[in-house]
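Engineer: I'd like to ask some things about the structure below.
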Amino acid sequence: MIEIRRADERGRTQIGWLDSRHSFSFGDYHDPRNMGFGALRVINDDRVRGGAGFGTHGHRDMEILSVVLEGALEHRDSLGTGSVIRPGDVQRMSAGTGIRHSEFNPDRAAPVRFLQIWLEPERDGLAPSYEQRHFSAGERRDQLRLVASRDARDGSLLIHQDADVFAALVAEGKRLVHPLRPGRRAWLQVARGEVELDGRTLAEGDGAALVGERELEIRGRSAELLLFDLAE
């Protein structure tokens, strides 16, 4: 079964400096039909205007991935970590027993667009930790590059959940195939551009839930995407 979640069906938060689209229930947006997908709890597509951002706030017991699509995002947290995330970077923050952080757009002139992704951890009470890595366009071009996994294999970031997260840049006419083992499900998120999945076009912001499928076949129309391979 493949179920499409169209971009214009998502929830939305607009508060002047922030325009955020929510694939699943988040904050004041509540949809009992879309509370998450397996361990995948949040996909927020955030656009933050120049010089603005999220002030210091807390998280706990959540695996948080940040993927910048355009611009730059400055991160600071209570572990003493500070960095700037740019396109191609993936940041992982394990909130565990508790962490406080802020996220700001350091460029006062240009907006930043990024995906904020939350996955529920396998267990609560982990020690908070942080990791960031750059995955070049060449590594992601016309292939599914593993960027986060439970065992940190192939140079991916470590996440405390039975999930594999892939990133890809797919050119026009290119084909990607990903097998799904028994007991697995997948979520495909199109960040930019278009792809064809099972004969249907998915455009920027669209997502697709795959349950009970043996494989996923994507045909590119010049797109950037993320794929989540999850336990059922």
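Quick note on naming: the chains in the structure tokens go A, B, ... in the order shown, residues restart at 1 in each chain, and ligands are numbered from 1 in order of appearance.
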Any idea what's packed within 8 Å of region 21-27 of chain A, counting only C-alpha atoms, ignoring anything in its chain fewer than 4 positions away? Could you give it as a PyMOL selection string?
Structural biologist: chain A and resi 5+7+10-13+31-32+34-36+41-46+207
Engineer: DSSP on the backbone: what in region 50-226 of chain A comes out strand (DSSP E), as a ChimeraX atom specification?
Structural biologist: /A:53-59,63-70,73-77,82-85,89-94,99-104,112-119,129-134,145-149,157-158,163-170,175-179,184-197,200-202,207-211,215-226
Engineer: As an exercise, work out the distance from CA of Asp124 (chain A) to CA of Asp61 (chain A) in Å and give it to one decimal place.
Structural biologist: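 Straight-line distance from CA of Asp124 (chain A) to CA of Asp61 (chain A) works out to 5.4 Å.
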Engineer: So that I can check the surroundings of Asp89 (chain A), please list as a ChimeraX atom specification every protein, DNA and RNA residue that reaches within 7 Å of it, counting only C-alpha atoms and ignoring chain neighbours fewer than 4 positions away.
Structural biologist: /A:67-68,85,132-135
Engineer: Using CA of Pro179 (chain A) and CA of Val211 (chain A) as the two end points, give the distance in Å to one decimal.
Structural biologist: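 One can read the CA of Pro179 (chain A) to CA of Val211 (chain A) distance as 12.4 Å.
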Engineer: Could you list, as an mmCIF file with C-alpha atoms, in the first residue's frame, every residue within 10 Å of Met62 (chain A), counting only C-alpha atoms and ignoring same-chain residues fewer than 2 positions away?
Structural biologist:
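Written output follows (selection.cif):
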data_model
loop_
_atom_site.group_PDB
_atom_site.id
_atom_site.type_symbol
_atom_site.label_atom_id
_atom_site.label_comp_id
_atom_site.auth_asym_id
_atom_site.auth_seq_id
_atom_site.Cartn_x
_atom_site.Cartn_y
_atom_site.Cartn_z
ATOM 1 C CA ARG A 41 7.202 11.602 14.621
ATOM 2 C CA HIS A 59 13.847 18.813 24.328
ATOM 3 C CA ARG A 60 14.087 15.385 25.869
ATOM 4 C CA ILE A 64 16.350 15.189 16.110
ATOM 5 C CA LEU A 65 17.815 15.554 12.619
ATOM 6 C CA MET A 93 20.932 15.743 18.307
ATOM 7 C CA SER A 94 19.909 13.091 20.834
ATOM 8 C CA ALA A 95 17.931 14.995 23.455
ATOM 9 C CA GLY A 96 17.913 12.076 25.907
ATOM 10 C CA THR A 97 17.577 13.149 29.543
ATOM 11 C CA GLY A 98 17.304 16.770 28.462
ATOM 12 C CA ILE A 117 12.924 15.650 11.710
ATOM 13 C CA TRP A 118 12.107 13.891 14.963
ATOM 14 C CA LEU A 119 12.314 10.149 15.580
ATOM 15 C CA GLU A 120 11.315 8.498 18.819
ATOM 16 C CA PRO A 121 14.312 6.749 20.439
ATOM 17 C CA GLU A 122 14.328 3.045 21.259
ATOM 18 C CA ARG A 123 14.525 3.902 24.941
ATOM 19 C CA ASP A 124 14.241 6.942 27.152
ATOM 20 C CA GLY A 125 16.909 8.337 29.439
ATOM 21 C CA LEU A 126 19.854 8.349 27.034
ATOM 22 C CA PRO A 128 22.338 13.828 25.430
ATOM 23 C CA ILE A 159 20.594 7.415 15.745
ATOM 24 C CA HIS A 160 19.122 5.478 18.652
ATOM 25 C CA GLN A 161 16.337 3.836 16.683
#
Engineer: Looking at A:Ala186, A:Glu196, A:Leu226, A:Glu103, which one is nearest to Leu144 (chain A), with distances taken over only C-alpha atoms?
Structural biologist: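 Closest to Leu144 (chain A) of all the choices is A:Leu226.
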Engineer: Using only C-alpha atoms, pick whichever of A:Arg6, A:Arg92, A:Arg219, A:His101 has the shortest atom-to-atom distance to Asp142 (chain A).
Structural biologist: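 Closest candidate: A:Arg219.
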Engineer: What's around Gly82 (chain A) at 12 Å? Count only C-alpha atoms, leave out sequence neighbours fewer than 6 positions away in its own chain, and write the answer as a PyMOL selection string.
Structural biologist: chain A and resi 73-76+91+101-104+130-132
Engineer: Rank A:Arg141, A:His57, A:Arg221, A:Arg47 by their smallest atom-to-atom distance to Ala167 (chain A), using only C-alpha atoms, and report the top residue only.
Structural biologist: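 Nearest candidate to Ala167 (chain A) out of A:Arg141, A:His57, A:Arg221, A:Arg47: A:Arg141.
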Engineer: Give the answer as one residue: which of A:Trp187, A:Phe54, A:Phe37, A:Phe228 has the shortest atom-to-atom distance to Ile15 (chain A), using only C-alpha atoms?
Structural biologist: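 The shortest atom-to-atom distance to Ile15 (chain A) comes from A:Phe54.
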Engineer: Which residues come within 9 Å of Ala137 (chain A), counting only C-alpha atoms, excluding same-chain residues fewer than 4 positions away, as a list in words?
Structural biologist: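 Using only C-alpha atoms, the neighbours found are Gly88, Arg141, Ala168 and Leu169 of chain A.
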Engineer: From chain A, collect each residue whose DSSP state is helix (DSSP H, G or I) and return the set as a PyMOL selection string.
Structural biologist: chain A and resi 7-9+137-140+153-155
Engineer: Mind dumping the selected residues with N, CA and C atoms as a PDB file, in the first residue's frame?
Structural biologist:
ATOM      1  N   ALA A   7       1.640  18.060  -0.296  1.00  0.00           N
ATOM      2  CA  ALA A   7       2.205  19.213   0.391  1.00  0.00           C
ATOM      3  C   ALA A   7       1.123  20.142   0.935  1.00  0.00           C
ATOM      4  N   ASP A   8       0.058  20.367   0.144  1.00  0.00           N
ATOM      5  CA  ASP A   8      -0.967  21.314   0.572  1.00  0.00           C
ATOM      6  C   ASP A   8      -1.936  20.724   1.595  1.00  0.00           C
ATOM      7  N   GLU A   9      -1.758  19.456   1.941  1.00  0.00           N
ATOM      8  CA  GLU A   9      -2.567  18.832   2.991  1.00  0.00           C
ATOM      9  C   GLU A   9      -1.912  18.964   4.364  1.00  0.00           C
ATOM     10  N   ALA A 137      27.349  16.616  -2.616  1.00  0.00           N
ATOM     11  CA  ALA A 137      26.400  16.368  -3.699  1.00  0.00           C
ATOM     12  C   ALA A 137      26.800  15.122  -4.492  1.00  0.00           C
ATOM     13  N   GLY A 138      28.099  14.922  -4.663  1.00  0.00           N
ATOM     14  CA  GLY A 138      28.561  13.742  -5.382  1.00  0.00           C
ATOM     15  C   GLY A 138      28.178  12.441  -4.700  1.00  0.00           C
ATOM     16  N   GLU A 139      28.204  12.425  -3.371  1.00  0.00           N
ATOM     17  CA  GLU A 139      27.817  11.225  -2.622  1.00  0.00           C
ATOM     18  C   GLU A 139      26.330  10.912  -2.763  1.00  0.00           C
ATOM     19  N   ARG A 140      25.532  11.943  -2.985  1.00  0.00           N
ATOM     20  CA  ARG A 140      24.076  11.778  -3.021  1.00  0.00           C
ATOM     21  C   ARG A 140      23.514  11.739  -4.439  1.00  0.00           C
ATOM     22  N   ARG A 153      26.792   2.836  10.263  1.00  0.00           N
ATOM     23  CA  ARG A 153      27.585   2.203   9.217  1.00  0.00           C
ATOM     24  C   ARG A 153      27.772   3.149   8.032  1.00  0.00           C
ATOM     25  N   ASP A 154      28.790   2.844   7.256  1.00  0.00           N
ATOM     26  CA  ASP A 154      29.094   3.577   6.021  1.00  0.00           C
ATOM     27  C   ASP A 154      29.265   5.071   6.246  1.00  0.00           C
ATOM     28  N   GLY A 155      29.735   5.437   7.415  1.00  0.00           N
ATOM     29  CA  GLY A 155      29.974   6.849   7.690  1.00  0.00           C
ATOM     30  C   GLY A 155      28.733   7.655   7.994  1.00  0.00           C
TER      31      GLY A 155
END
Engineer: Record the distance separating CA of Arg100 (chain A) and CA of Gly38 (chain A), expressed in Å with one decimal.
Structural biologist: 25.7 Å
